[in-house]
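Q: Dropping a structure here in C-alpha cells format, bear with me for questions.
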Amino acid sequence: MNGSIEMTHPPAVPGDLQESEPGARRRTPRHAARRSAAVMVVVVALAAMWAGLAPAERFRSISLVETAQQRWHKGNLHTHSHWSDGDDYLESIALWYRDSGYQFLVFTDHNVLPNTERWETIDKTRGGRRAFDKLLEKFPDWVDHREHKGLHQVRLRTFDEVSQRLAVPGEFLLIQGEEISDHFDRLPIHLNAGNVREVIAPRGGDSVSEVIQNNVDFVLAERQRTGRPMMVHLNHPNFGLAVTAEDLAPIIGERFFEVYNGHPHVHNSGTEHHASTERLWDIVLTKRLAELQLPIMYGLAVDDGHNYHDMPSRESEPGRGWVMALLPELTPAAVIQALEAGRFYASSGVSLKRIDSSDRGLFVEIDPVPGETYAIEFIGTRRGYDPRSYEVLDRKGQPVRATRRYSADIGQRFSVAQGTSARYDFIGDEIYVRARVTSSAAHPNPSEVGDLKSAWVQPVPGPGCPPTAGPLE
Ligand SMILES: [Zn+2]
Ligand SMILES: [Zn+2]
C-alpha cells in the first residue's frame, strides 16, 4: 500500500483559483519575499526530512492510550475573567475547573495579562456584588478589598497569586495566556497565546491572513527569543464571519484552530453562506497537505467562557468544550509538547480510550457512557480530488466574503460505524483521514442548541499525502 508514496505529487491547481481569493493576497513585496523565503525553508527542510525516511518511519505507528508513563489530562485553553470581559474572578473560575475534573486551564483575557496591581469598584465589575459575595464565601481569608473615596473596591488577584493558591502539583495546572484580540477592517481576528509572561500587543496587518500570520510570527519569535515554551492558535474563525479557509490555510507556523468554541455567537456550524468550522478544517487540511506543502493543522475544542453565574443558560459558559491530552507529566511544557505533536483529541462530551494511527490506517476506541450509542465517522480527502472552487453569492448575486464552495471530494466521509470502536484501513490514495465521534446524547449545555456530545480525532496523513507535507516534529 505504501509503494506509491515516492511517486505522489500534489494535483495541479488552476492559477485562477489561487488568484481569486478575496483580500488574502495583498502584501508588500518585502513581506511577500520574506514569506516565500520562509515557505522555501520549510519545504526544503520537510523534503529533506522525508527523503531519508522509509515509509514505515514516515507513518510512525502512534498509540494514544494510557500507560504507567502517560495519562489523559483534561484542559481548557480559552477563559475570560474580570481582567477583561468575563464576569468572575480568576480564583473562582480556577476553583470551578478544579472541582469539575479538569487538570489544566489557560486564562486568556483580551489583550491583557493578570500580572499588575489592579483595583476595581465592585459594583462596576461584570459579576457585580453577586460574584464578590461568592468570592468572599469561597475564600473568606483571602479577599483584598477596601473603601476608597467612598467606593467599595476589590483588588484583582494576579495569575501568580491564584496559581500559588489553587494549583496542585501533578493534579491541577494553571497557565497564563492572552487572547490577542486583533482585527482587519471590522473583522475580529483573535488568537490565543499560551504560557506567556509579557503582554503581546496585536500586530495588525493588511489582510485577514496577514493579521493572523503577523501574530503567529510574533508569538513564535517570542518563544524563540525567550526559550520559553509557548503556543498560539487561531480562535473561532466564524466569529464575526471573519476568517475563511483560504485565509487560514497558508498560515506558516500555525498548528491549531478552534473547531469547537463554546461561545454561542461563533457559528461553529456555519450560516447560509458560511462553511461550518469542520468544513473549513477539511478545506484547510486539503490545501495545506496537497497544494501548499504545509503541515497538518489540528482542531481544538474550547470553552471561551465569559459567564459563570447562571449555568446552564445561553450565555458563554464553562464546561462546553475541552481537549484531552496524553501527558507524561503536568507542566506547561508537557501540555504544549503534547498538543503540538497531536497527542490529544478535542471533545464536547465524548471520552476516548485509545487512538492508534499507522501506515495501515486509524483506529478509535470510545470510553462509553451507559445508555449512549455512538457513530464513528472517518473523514478525509483522496488524491485526485477536484480542487476547483466557487465564490459564494448572496440572493442578489453579490459576492459574499466567505469560504469558497468546493467539491464534495474534499472532506468526504470515507466510512461510518456504529459502536464503541472502529477502524479505517487506508486504500492507498488518502491525503489524510480524521475521525468524528458523535454520541446519541444531547450536549447538556451546548454552544448551539441541538449539539450532540462529540469528539474530534486529529487528522493523520495518509499514503496519498505528498512527501513534502505532513506533521512537523
Ligand atoms: Zn475571541
Ligand atoms: Zn475569547
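For the C-alpha cells, the naming scheme is as follows: chains receive sequential letters (A, B, ...) according to their order of presentation, residues are indexed from 1 within each chain, and ligands are indexed from 1 in presentation order.
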Please extract the residues of segment 267-368 of chain A with a backbone DSSP assignment of strand (DSSP E) and present them as a ChimeraX atom specification.
A: /A:298-302,322-327,344-347,351-357,361-367
Q: Hey, which residues sit close to ligand 2? Say within 8 Å, counting only C-alpha atoms and all ligand atoms, and write them as a count of residues only.
A: 12
Q: Out of A:Leu285, A:Leu362, A:Ile410, A:Val216, which residue has the shortest atom-to-atom distance to Tyr424 of chain A when counting only C-alpha atoms?
A: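 Selected residue with least distance to Tyr424 of chain A: A:Leu362.
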Q: Counting only C-alpha atoms, which of A:Pro368, A:Pro459, A:Gly75, A:Gly349 gets nearest to Gly411 of chain A?
A: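 Of all the options, A:Pro459 lies closest to Gly411 of chain A.
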Q: Quote the spacing between atom CA of Ala402 of chain A and atom CA of Leu280 of chain A in Å to one decimal place.
A: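 Answer for the atom CA of Ala402 of chain A to atom CA of Leu280 of chain A separation: 10.2 Å.
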Q: Tell me which of A:Val302, A:Val143, A:Leu151, A:Val168 sits closest to ligand 1, counting only C-alpha atoms and all ligand atoms.
A: A:Val302
Q: Neighbours of Asn192 of chain A within 6 Å (only C-alpha atoms; same-chain residues fewer than 5 positions away dropped), as a PyMOL selection string?
A: chain A and resi 178-180+232-233
Q: So which residues touch Thr121 of chain A within 7 Å, counting only C-alpha atoms, skipping near sequence neighbours fewer than 6 positions away, as an MDAnalysis selection string?
A: chainID A and resid 151:154
Q: Could you list, with a cut-off of 12 Å and counting only C-alpha atoms, the residues of segment 391-459 of chain A near segment 315-318 of chain A, each shown with its nearest atom pair and the distance in Å rounded to one decimal, rows sorted by chain and ascending number, as a tab-separated table?
A:
residue	atom	partner	partner_atom	distance
A:Pro444	CA	A:Glu317	CA	11.7
A:Asn445	CA	A:Glu317	CA	8.2
A:Pro446	CA	A:Glu317	CA	9.1
A:Ser447	CA	A:Ser316	CA	7.7
A:Glu448	CA	A:Ser316	CA	10.6
A:Val449	CA	A:Glu315	CA	11.9
Q: Write out the residues from the selection above, keeping N, CA and C atoms, as a PDB file, in the first residue's frame.
A:
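Output contents, as saved in again-v2.pdb:
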ATOM      1  N   PRO A 444     -25.333  18.753  27.282  1.00  0.00           N
ATOM      2  CA  PRO A 444     -26.188  19.310  28.339  1.00  0.00           C
ATOM      3  C   PRO A 444     -26.222  20.842  28.377  1.00  0.00           C
ATOM      4  N   ASN A 445     -25.202  21.494  27.848  1.00  0.00           N
ATOM      5  CA  ASN A 445     -25.182  22.964  27.856  1.00  0.00           C
ATOM      6  C   ASN A 445     -24.377  23.421  26.645  1.00  0.00           C
ATOM      7  N   PRO A 446     -24.953  23.293  25.445  1.00  0.00           N
ATOM      8  CA  PRO A 446     -24.158  23.381  24.212  1.00  0.00           C
ATOM      9  C   PRO A 446     -23.844  24.800  23.760  1.00  0.00           C
ATOM     10  N   SER A 447     -22.914  24.885  22.817  1.00  0.00           N
ATOM     11  CA  SER A 447     -22.661  26.150  22.140  1.00  0.00           C
ATOM     12  C   SER A 447     -23.863  26.518  21.282  1.00  0.00           C
ATOM     13  N   GLU A 448     -24.365  25.539  20.515  1.00  0.00           N
ATOM     14  CA  GLU A 448     -25.545  25.764  19.682  1.00  0.00           C
ATOM     15  C   GLU A 448     -26.619  24.775  20.091  1.00  0.00           C
ATOM     16  N   VAL A 449     -27.835  25.261  20.193  1.00  0.00           N
ATOM     17  CA  VAL A 449     -28.946  24.399  20.584  1.00  0.00           C
ATOM     18  C   VAL A 449     -29.008  23.215  19.617  1.00  0.00           C
TER      19      VAL A 449
END
Q: Do you have the atom CA of Leu327 of chain A-atom CA of Phe218 of chain A distance handy?
A: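 Separation of atom CA of Leu327 of chain A and atom CA of Phe218 of chain A: 27.0 Å.
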Q: Skipping near chain neighbours, those fewer than 6 positions away, what residues fall within 12 Å of segment 269-274 of chain A using only C-alpha atoms, listed as a ChimeraX atom specification?
A: /A:236-245,259-262,280-281,391-395,398-405,447-451
Q: Please produce a file of the residues just selected, as a short mmCIF file (atom, residue, chain, number, x, y, z; two decimals), in the first residue's frame, where the atoms kept are N, CA and C atoms.
A:
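What ended up in part09.cif:
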data_model
loop_
_atom_site.label_atom_id
_atom_site.label_comp_id
_atom_site.auth_asym_id
_atom_site.auth_seq_id
_atom_site.Cartn_x
_atom_site.Cartn_y
_atom_site.Cartn_z
N HIS A 236 -12.02 30.71 17.12
CA HIS A 236 -13.35 30.89 16.49
C HIS A 236 -13.34 31.58 15.11
N PRO A 237 -12.97 30.85 14.04
CA PRO A 237 -12.88 31.50 12.72
C PRO A 237 -14.18 32.15 12.27
N ASN A 238 -15.33 31.60 12.69
CA ASN A 238 -16.61 32.15 12.23
C ASN A 238 -17.16 33.24 13.13
N PHE A 239 -16.43 33.66 14.16
CA PHE A 239 -16.88 34.80 14.97
C PHE A 239 -16.77 36.05 14.08
N GLY A 240 -17.87 36.77 13.95
CA GLY A 240 -17.87 37.91 13.04
C GLY A 240 -17.70 37.48 11.59
N LEU A 241 -17.84 36.19 11.33
CA LEU A 241 -17.67 35.61 9.99
C LEU A 241 -16.39 36.14 9.35
N ALA A 242 -15.32 36.12 10.16
CA ALA A 242 -14.10 36.85 9.80
C ALA A 242 -13.09 36.05 8.99
N VAL A 243 -12.91 34.77 9.35
CA VAL A 243 -11.75 34.03 8.81
C VAL A 243 -12.24 32.90 7.91
N THR A 244 -11.77 32.90 6.66
CA THR A 244 -12.16 31.85 5.72
C THR A 244 -11.09 30.76 5.67
N ALA A 245 -11.42 29.64 5.04
CA ALA A 245 -10.44 28.57 4.85
C ALA A 245 -9.26 29.09 4.03
N VAL A 259 -11.98 24.22 16.32
CA VAL A 259 -13.06 23.61 15.54
C VAL A 259 -14.36 23.68 16.34
N TYR A 260 -14.24 23.74 17.69
CA TYR A 260 -15.43 23.89 18.54
C TYR A 260 -15.14 24.94 19.61
N ASN A 261 -15.93 25.98 19.64
CA ASN A 261 -15.81 27.03 20.65
C ASN A 261 -17.18 27.15 21.32
N GLY A 262 -17.20 27.20 22.66
CA GLY A 262 -18.46 27.15 23.40
C GLY A 262 -19.28 28.43 23.38
N LEU A 280 -14.51 23.97 7.02
CA LEU A 280 -13.33 24.83 6.88
C LEU A 280 -12.06 24.03 7.16
N TRP A 281 -12.13 23.19 8.19
CA TRP A 281 -10.96 22.36 8.56
C TRP A 281 -10.55 21.45 7.40
N GLU A 391 -16.90 31.16 -5.86
CA GLU A 391 -17.24 32.25 -4.96
C GLU A 391 -18.68 32.08 -4.46
N VAL A 392 -18.91 32.44 -3.22
CA VAL A 392 -20.27 32.37 -2.67
C VAL A 392 -20.99 33.67 -3.01
N LEU A 393 -22.21 33.54 -3.52
CA LEU A 393 -23.01 34.72 -3.87
C LEU A 393 -24.25 34.78 -2.99
N ASP A 394 -24.66 35.98 -2.66
CA ASP A 394 -25.89 36.10 -1.87
C ASP A 394 -27.12 36.01 -2.80
N ARG A 395 -28.30 36.22 -2.23
CA ARG A 395 -29.51 36.02 -3.02
C ARG A 395 -29.65 37.03 -4.15
N GLN A 398 -24.68 38.98 -5.31
CA GLN A 398 -23.47 39.71 -4.91
C GLN A 398 -22.51 38.78 -4.17
N PRO A 399 -21.20 38.95 -4.40
CA PRO A 399 -20.24 38.08 -3.71
C PRO A 399 -20.25 38.29 -2.20
N VAL A 400 -20.10 37.20 -1.47
CA VAL A 400 -20.06 37.23 -0.01
C VAL A 400 -18.64 36.90 0.43
N ARG A 401 -18.14 37.61 1.42
CA ARG A 401 -16.83 37.23 1.96
C ARG A 401 -17.03 35.97 2.80
N ALA A 402 -16.66 34.84 2.24
CA ALA A 402 -16.92 33.55 2.89
C ALA A 402 -15.96 32.53 2.30
N THR A 403 -15.77 31.44 3.02
CA THR A 403 -15.03 30.31 2.45
C THR A 403 -15.69 29.91 1.14
N ARG A 404 -14.88 29.70 0.10
CA ARG A 404 -15.42 29.36 -1.21
C ARG A 404 -16.07 27.96 -1.17
N ARG A 405 -16.88 27.69 -2.16
CA ARG A 405 -17.51 26.37 -2.23
C ARG A 405 -16.60 25.43 -3.02
N SER A 447 -22.91 24.88 22.82
CA SER A 447 -22.66 26.15 22.14
C SER A 447 -23.86 26.52 21.28
N GLU A 448 -24.36 25.54 20.52
CA GLU A 448 -25.55 25.76 19.68
C GLU A 448 -26.62 24.78 20.09
N VAL A 449 -27.83 25.26 20.19
CA VAL A 449 -28.95 24.40 20.58
C VAL A 449 -29.01 23.21 19.62
N GLY A 450 -29.11 22.01 20.17
CA GLY A 450 -29.20 20.82 19.32
C GLY A 450 -27.89 20.08 19.16
N ASP A 451 -26.75 20.67 19.63
CA ASP A 451 -25.47 19.95 19.54
C ASP A 451 -25.56 18.62 20.27
#
Q: Write out as a JSON list (two decimals) with N, CA and C atoms, in the first residue's frame which residues come within 7 Å of segment 246-250 of chain A when counting only C-alpha atoms, dropping same-chain ones fewer than 3 positions away.
A:
[["chain", "number", "residue", "atom", "x", "y", "z"],
["A", 21, "GLU", "N", -8.71, 34.55, -4.64],
["A", 21, "GLU", "CA", -9.02, 34.64, -3.22],
["A", 21, "GLU", "C", -9.23, 36.09, -2.83],
["A", 24, "ALA", "N", -6.98, 38.12, 0.48],
["A", 24, "ALA", "CA", -5.98, 37.41, 1.29],
["A", 24, "ALA", "C", -4.56, 37.55, 0.75],
["A", 208, "VAL", "N", -6.71, 39.71, 6.28],
["A", 208, "VAL", "CA", -7.00, 38.77, 7.36],
["A", 208, "VAL", "C", -5.83, 37.81, 7.55],
["A", 209, "SER", "N", -5.36, 37.26, 6.43],
["A", 209, "SER", "CA", -4.23, 36.32, 6.51],
["A", 209, "SER", "C", -3.01, 36.97, 7.14],
["A", 243, "VAL", "N", -12.91, 34.77, 9.35],
["A", 243, "VAL", "CA", -11.75, 34.03, 8.81],
["A", 243, "VAL", "C", -12.24, 32.90, 7.91],
["A", 284, "VAL", "N", -8.93, 23.44, 4.65],
["A", 284, "VAL", "CA", -7.60, 23.86, 5.09],
["A", 284, "VAL", "C", -6.62, 22.68, 5.03],
["A", 287, "LYS", "N", -5.79, 21.76, 1.34],
["A", 287, "LYS", "CA", -4.91, 22.76, 0.71],
["A", 287, "LYS", "C", -3.49, 22.67, 1.29],
["A", 288, "ARG", "N", -3.41, 22.58, 2.62],
["A", 288, "ARG", "CA", -2.07, 22.58, 3.24],
["A", 288, "ARG", "C", -1.27, 21.36, 2.80],
["A", 292, "LEU", "N", -0.09, 23.27, -0.67],
["A", 292, "LEU", "CA", 0.79, 24.29, -0.10],
["A", 292, "LEU", "C", 2.04, 23.71, 0.58],
["A", 403, "THR", "N", -15.77, 31.44, 3.02],
["A", 403, "THR", "CA", -15.03, 30.31, 2.45],
["A", 403, "THR", "C", -15.69, 29.91, 1.14]]
Q: Calculated over only C-alpha atoms and all ligand atoms, which of the candidates A:Glu222, A:Glu258, A:Asp144, A:Glu210 has the smallest distance to ligand 1?
A: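 That would be A:Glu258, the residue with the smallest distance to ligand 1.
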